[in-house]
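I have placed the structure first, in the form of structure tokens, so that the comments after it can refer back to it.
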Amino acid sequence: MIIDFHTHIFPPDVRDNRGEYVRRDPTFAEMYGDPKAKIATAEDLRRSMEASGVDVSVALGFGWQSHEDVVRHNRYLLDIATRSDGAIIPFATINMADARAAAEIERCAAGGVRGIGELRPDNQGWDLLGAAGERLAALARAHGLLLLFHVTEPGGRGYPGRHGCAMDRFAEFARRNPDIRMIGAHLGGALHTHDGAAPDVYADTAAQPFLYRGDESEQIMRAVPPGRLLFGSDYPLISQQRQIDEIARVFPDDSERDAVLGGNAARLLGLGG
């Protein structure tokens with residue numbers, strides 16, 4: 001089973017009315033203001049999955065400022081997941097700065113989301129290590145939800161949407177909440193290569209070919225504990241097939257490759273097989 005743990009799909013209205021969303025959301029404008037920036041719908045994702053042999057994709061939300069946009073996106077993800085026969089697993093989007101966040105998480109948990117993400121506290125203006133982060137942890141704990149963060153590596157090259165959650169703050173949040181299963185997107189901001197004991201978190205490979213290349217890429221991927229690395233493409237930014245090929249290059253051993261491409265994710269999601 002091949003499981004892509006990091007994809008993004010949007011309601012068709014977002015794609016068709018890009019300019020409206022660019023005007024009202026600064027993070028969306030940063031990442032999708034360029035008309036060449038790809039915006040995918042569920043139909044696009046399903047075609048990609050069929051072409052690349054991906055069995056299951058985790059569809060992530062976006063770090064919207066507006067609660068109304070949060071709710072609209074979550075409704076789309078839940079509806080798509082219901083009609084996908086298990087091929088698309090939804091993660092809810094949320095803005096913990098909004099007083100209605102808790103009710104929205106509870107609604108989405110009742111609707112079948114498996115986690116929350118891609119979380120971007122730095123973009124939305126709430127403190128991961130403050131009261132908002134404590135509320136998020138309590139809600140994740142109460143509903144058995146995974147948490148997936150956009151983790152920003154220290155230093156590194158710039159790119160649209162780079163800042164979302166600083167690596168050191170993500171690591172501290174994970175240390176404070178060891179009972180909650182967390183995923184650091186983009187190889188966790190290279191968390192596992194830094195000195196000191198890393199918290200027991202998962203890391204996905206989303207956007208790896210853009211962020212790290214060659215020997216550096218292999219070093220960072222192999223620094224993640226073998227049972228904690230997840231295939232994530234960041235589709236449609238990078239094609240699912242390209243990221244599968246990258247993982248095959250770094251992990252030529254069949255057992256290691258199979259674990260990264262789906263085995264680890266299947267255990268995390270309780271899918272079996």
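Ligands are numbered from 1 in the order shown, residues from 1 within each chain, and chains are lettered A, B, ... in the order they appear in the structure tokens.
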Which residues are near range 35-46 of chain A? Cut-off 7 Å, only C-alpha atoms, ignore same chain within fewer than 3 positions. Put them as a list in words.
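Listed by chain and then number, they are Ile9, Phe10, Pro11, Pro12, Arg15, Tyr32, Met49, Glu50, Ile80, Pro236 and Leu237 of chain A.
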Can you list, as a ChimeraX atom specification, all residues belonging to range 85-231 of chain A that DSSP tags as strand (DSSP E or B)?
/A:88-92,115-119,146-149,152,166,182-184,202-204,229-230
For the residues selected in the previous step, produce a file with N, CA and C atoms as a PDB file, in the first residue's frame.
ATOM      1  N   ILE A  88      -9.253   8.924   0.083  1.00  0.00           N
ATOM      2  CA  ILE A  88      -8.823  10.241   0.571  1.00  0.00           C
ATOM      3  C   ILE A  88      -9.191  10.348   2.044  1.00  0.00           C
ATOM      4  N   ILE A  89      -8.191  10.610   2.857  1.00  0.00           N
ATOM      5  CA  ILE A  89      -8.372  10.766   4.301  1.00  0.00           C
ATOM      6  C   ILE A  89      -8.243  12.246   4.637  1.00  0.00           C
ATOM      7  N   PRO A  90      -9.264  12.848   5.258  1.00  0.00           N
ATOM      8  CA  PRO A  90      -9.231  14.289   5.490  1.00  0.00           C
ATOM      9  C   PRO A  90      -8.573  14.679   6.815  1.00  0.00           C
ATOM     10  N   PHE A  91      -7.796  15.752   6.760  1.00  0.00           N
ATOM     11  CA  PHE A  91      -7.331  16.457   7.946  1.00  0.00           C
ATOM     12  C   PHE A  91      -8.002  17.834   7.933  1.00  0.00           C
ATOM     13  N   ALA A  92      -8.508  18.263   9.055  1.00  0.00           N
ATOM     14  CA  ALA A  92      -9.210  19.537   9.122  1.00  0.00           C
ATOM     15  C   ALA A  92      -8.234  20.704   9.160  1.00  0.00           C
ATOM     16  N   GLY A 115      -7.164  13.986  11.565  1.00  0.00           N
ATOM     17  CA  GLY A 115      -6.176  14.876  12.150  1.00  0.00           C
ATOM     18  C   GLY A 115      -6.474  16.316  11.808  1.00  0.00           C
ATOM     19  N   ILE A 116      -5.557  17.191  12.228  1.00  0.00           N
ATOM     20  CA  ILE A 116      -5.653  18.619  11.955  1.00  0.00           C
ATOM     21  C   ILE A 116      -4.348  19.044  11.296  1.00  0.00           C
ATOM     22  N   GLY A 117      -4.457  19.788  10.211  1.00  0.00           N
ATOM     23  CA  GLY A 117      -3.256  20.265   9.547  1.00  0.00           C
ATOM     24  C   GLY A 117      -3.547  20.669   8.110  1.00  0.00           C
ATOM     25  N   GLU A 118      -2.714  21.341   7.508  1.00  0.00           N
ATOM     26  CA  GLU A 118      -1.347  21.648   7.889  1.00  0.00           C
ATOM     27  C   GLU A 118      -1.389  22.893   8.767  1.00  0.00           C
ATOM     28  N   LEU A 119      -0.977  22.757  10.029  1.00  0.00           N
ATOM     29  CA  LEU A 119      -1.074  23.843  11.000  1.00  0.00           C
ATOM     30  C   LEU A 119       0.022  24.880  10.776  1.00  0.00           C
ATOM     31  N   LEU A 146      -4.527  13.300  15.053  1.00  0.00           N
ATOM     32  CA  LEU A 146      -3.139  13.587  14.724  1.00  0.00           C
ATOM     33  C   LEU A 146      -2.988  15.077  14.458  1.00  0.00           C
ATOM     34  N   LEU A 147      -1.783  15.595  14.673  1.00  0.00           N
ATOM     35  CA  LEU A 147      -1.491  17.002  14.386  1.00  0.00           C
ATOM     36  C   LEU A 147      -0.330  17.067  13.405  1.00  0.00           C
ATOM     37  N   LEU A 148      -0.547  17.766  12.297  1.00  0.00           N
ATOM     38  CA  LEU A 148       0.507  17.916  11.287  1.00  0.00           C
ATOM     39  C   LEU A 148       0.821  19.397  11.112  1.00  0.00           C
ATOM     40  N   PHE A 149       2.091  19.748  11.317  1.00  0.00           N
ATOM     41  CA  PHE A 149       2.545  21.139  11.273  1.00  0.00           C
ATOM     42  C   PHE A 149       3.442  21.394  10.067  1.00  0.00           C
ATOM     43  N   THR A 152       9.235  24.962   9.823  1.00  0.00           N
ATOM     44  CA  THR A 152      10.227  25.781   9.132  1.00  0.00           C
ATOM     45  C   THR A 152      11.617  25.476   9.671  1.00  0.00           C
ATOM     46  N   ALA A 166       8.035  27.527  13.548  1.00  0.00           N
ATOM     47  CA  ALA A 166       9.475  27.388  13.731  1.00  0.00           C
ATOM     48  C   ALA A 166       9.812  26.015  14.318  1.00  0.00           C
ATOM     49  N   MET A 182       2.275  13.423  16.432  1.00  0.00           N
ATOM     50  CA  MET A 182       2.490  14.615  15.623  1.00  0.00           C
ATOM     51  C   MET A 182       3.380  14.322  14.431  1.00  0.00           C
ATOM     52  N   ILE A 183       3.139  15.089  13.370  1.00  0.00           N
ATOM     53  CA  ILE A 183       3.933  14.981  12.150  1.00  0.00           C
ATOM     54  C   ILE A 183       4.526  16.344  11.836  1.00  0.00           C
ATOM     55  N   GLY A 184       5.821  16.381  11.630  1.00  0.00           N
ATOM     56  CA  GLY A 184       6.486  17.594  11.177  1.00  0.00           C
ATOM     57  C   GLY A 184       6.652  17.523   9.672  1.00  0.00           C
ATOM     58  N   TYR A 202       6.811  12.073  14.006  1.00  0.00           N
ATOM     59  CA  TYR A 202       6.947  11.635  12.625  1.00  0.00           C
ATOM     60  C   TYR A 202       7.396  12.820  11.773  1.00  0.00           C
ATOM     61  N   ALA A 203       7.932  12.511  10.602  1.00  0.00           N
ATOM     62  CA  ALA A 203       8.300  13.549   9.638  1.00  0.00           C
ATOM     63  C   ALA A 203       7.872  13.074   8.257  1.00  0.00           C
ATOM     64  N   ASP A 204       7.350  14.001   7.445  1.00  0.00           N
ATOM     65  CA  ASP A 204       7.028  13.619   6.075  1.00  0.00           C
ATOM     66  C   ASP A 204       8.028  14.243   5.105  1.00  0.00           C
ATOM     67  N   LEU A 229       9.324   7.937   9.350  1.00  0.00           N
ATOM     68  CA  LEU A 229       9.386   8.712   8.107  1.00  0.00           C
ATOM     69  C   LEU A 229       8.213   8.332   7.214  1.00  0.00           C
ATOM     70  N   LEU A 230       7.520   9.358   6.688  1.00  0.00           N
ATOM     71  CA  LEU A 230       6.309   9.172   5.894  1.00  0.00           C
ATOM     72  C   LEU A 230       6.477   9.797   4.507  1.00  0.00           C
TER      73      LEU A 230
END
Dump as a Markdown table the rows for residues of range 75-124 of chain A within 9 Å of range 133-138 of chain A: closest atom pair and distance in Å with one decimal, only C-alpha atoms counted, ordered by chain and rising residue number.
| residue | atom | partner | partner_atom | distance |
| --- | --- | --- | --- | --- |
| A:Met96 | CA | A:Leu136 | CA | 7.2 |
| A:Ala101 | CA | A:Leu136 | CA | 9.0 |
| A:Ala102 | CA | A:Arg135 | CA | 8.0 |
| A:Pro121 | CA | A:Gly133 | CA | 8.9 |
Env of range 212-225 of chain A: 10 Å cut, atoms = only C-alpha atoms, seq-sep filter 3 positions within chain, self excluded. Answer as a list in words.
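Residues meeting the cut-off are Gly156, Arg157, His186, Leu187, Gly188, Gly189, Ala190, Leu191, His192, Thr193, His194, Ala198, Asp200, Val201, Tyr202, Ala203, Asp204, Thr205, Ala207, Gln208, Pro209, Arg228, Leu229, Leu230, Glu246, Ile247, Arg249, Val250 and Phe251 of chain A.
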Could those selected residues go to a file with N, CA and C atoms, as a CSV table (one decimal), in the first residue's frame?
chain,number,residue,atom,x,y,z
A,156,GLY,N,18.3,28.0,5.9
A,156,GLY,CA,17.7,27.4,4.7
A,156,GLY,C,17.3,28.5,3.7
A,157,ARG,N,16.9,28.0,2.5
A,157,ARG,CA,16.5,28.9,1.4
A,157,ARG,C,15.1,29.4,1.6
A,186,HIS,N,7.8,18.5,5.8
A,186,HIS,CA,9.0,19.0,5.2
A,186,HIS,C,10.2,18.5,6.0
A,187,LEU,N,10.1,17.2,6.4
A,187,LEU,CA,11.2,16.5,7.1
A,187,LEU,C,11.4,17.1,8.5
A,188,GLY,N,10.3,17.7,9.0
A,188,GLY,CA,10.4,18.2,10.4
A,188,GLY,C,11.3,19.4,10.5
A,189,GLY,N,11.6,20.1,9.4
A,189,GLY,CA,12.5,21.2,9.5
A,189,GLY,C,13.9,20.7,9.8
A,190,ALA,N,14.2,19.5,9.3
A,190,ALA,CA,15.5,18.8,9.6
A,190,ALA,C,15.8,18.6,11.1
A,191,LEU,N,14.7,18.5,11.8
A,191,LEU,CA,14.7,18.4,13.3
A,191,LEU,C,15.7,17.3,13.8
A,192,HIS,N,15.7,16.1,13.1
A,192,HIS,CA,16.4,15.0,13.6
A,192,HIS,C,17.9,15.1,13.3
A,193,THR,N,18.3,16.1,12.6
A,193,THR,CA,19.8,16.3,12.4
A,193,THR,C,20.4,17.2,13.4
A,194,HIS,N,19.6,17.8,14.2
A,194,HIS,CA,20.2,18.8,15.2
A,194,HIS,C,20.6,18.1,16.5
A,198,ALA,N,15.8,14.5,20.0
A,198,ALA,CA,14.6,15.0,19.3
A,198,ALA,C,13.4,14.3,19.9
A,200,ASP,N,9.7,12.4,20.0
A,200,ASP,CA,9.3,11.2,19.2
A,200,ASP,C,8.2,11.6,18.3
A,201,VAL,N,8.5,12.2,17.2
A,201,VAL,CA,7.5,12.7,16.2
A,201,VAL,C,7.8,12.0,14.8
A,202,TYR,N,6.8,12.1,14.0
A,202,TYR,CA,6.9,11.6,12.6
A,202,TYR,C,7.4,12.8,11.8
A,203,ALA,N,7.9,12.5,10.6
A,203,ALA,CA,8.3,13.5,9.6
A,203,ALA,C,7.9,13.1,8.3
A,204,ASP,N,7.3,14.0,7.4
A,204,ASP,CA,7.0,13.6,6.1
A,204,ASP,C,8.0,14.2,5.1
A,205,THR,N,8.0,13.8,3.9
A,205,THR,CA,9.0,14.2,2.9
A,205,THR,C,8.5,15.3,2.0
A,207,ALA,N,7.7,18.2,-0.3
A,207,ALA,CA,8.6,19.2,-1.0
A,207,ALA,C,10.1,19.0,-0.9
A,208,GLN,N,10.5,17.8,-0.5
A,208,GLN,CA,11.9,17.5,-0.3
A,208,GLN,C,12.8,17.8,-1.5
A,209,PRO,N,12.4,17.6,-2.8
A,209,PRO,CA,13.3,17.9,-3.9
A,209,PRO,C,13.5,19.4,-4.0
A,228,ARG,N,9.5,6.3,11.6
A,228,ARG,CA,8.8,7.6,11.7
A,228,ARG,C,8.8,8.5,10.4
A,229,LEU,N,9.3,7.9,9.3
A,229,LEU,CA,9.4,8.7,8.1
A,229,LEU,C,8.2,8.3,7.2
A,230,LEU,N,7.5,9.4,6.7
A,230,LEU,CA,6.3,9.2,5.9
A,230,LEU,C,6.5,9.8,4.5
A,246,GLU,N,12.0,9.8,-5.7
A,246,GLU,CA,13.0,10.3,-4.8
A,246,GLU,C,13.2,9.3,-3.6
A,247,ILE,N,12.1,8.8,-3.1
A,247,ILE,CA,12.2,7.9,-2.0
A,247,ILE,C,12.9,6.6,-2.4
A,249,ARG,N,15.1,6.3,-4.6
A,249,ARG,CA,16.5,6.6,-4.8
A,249,ARG,C,17.3,6.5,-3.5
A,250,VAL,N,16.7,7.1,-2.4
A,250,VAL,CA,17.3,7.1,-1.1
A,250,VAL,C,17.2,5.8,-0.4
A,251,PHE,N,16.2,5.0,-0.6
A,251,PHE,CA,15.9,3.8,0.1
A,251,PHE,C,15.8,2.6,-0.9
Residue with smallest distance to Arg24 in chain A - pool A:Thr93, A:Glu68, A:Gly263, A:Glu104, counting only C-alpha atoms
A:Glu68
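In terms of minimum interatomic distance to Phe170 in chain A, A:Leu128 ranks closest within A:Val71, A:Leu78, A:Leu211, A:Leu128, counting only C-alpha atoms.
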Pick out the closest residue to Arg23 in chain A from this set: A:Ala265, A:Ala140, A:Gln65, A:Pro252. Count only C-alpha atoms.
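Smallest distance to Arg23 in chain A is found for A:Gln65.
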Have a look at A:Arg181, A:Arg100, A:His73, A:Arg169 and name the one nearest to Ala59 in chain A; count only C-alpha atoms.
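Checking each candidate against Ala59 in chain A, we get A:His73 as the closest.
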Return the single residue from A:Ala259, A:Phe28, A:Ala132, A:Gln241 that is closest to Phe173 in chain A, with distances computed using only C-alpha atoms.
A:Ala132
Using only C-alpha atoms, which of the listed residues (A:Arg120, A:Arg141, A:Arg114, A:Arg72) sits closest to Gly86 in chain A?
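The answer is A:Arg114, which sits nearest to Gly86 in chain A.
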Select from range 53-203 of chain A everything DSSP, run on the backbone, classes as helix (DSSP H, G or I), then give the selection as a count of residues only.
61
Go ahead and compute the interatomic distance for CA of Asp55 in chain A and CA of Leu261 in chain A, in Å to one decimal.
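Taking CA of Asp55 in chain A and CA of Leu261 in chain A, their separation equals 10.5 Å.
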Which value, in Å to one decimal, gives the distance between CA of Val260 in chain A and CA of Ile238 in chain A?
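Rounded to one decimal, the two atoms are 17.3 Å apart.
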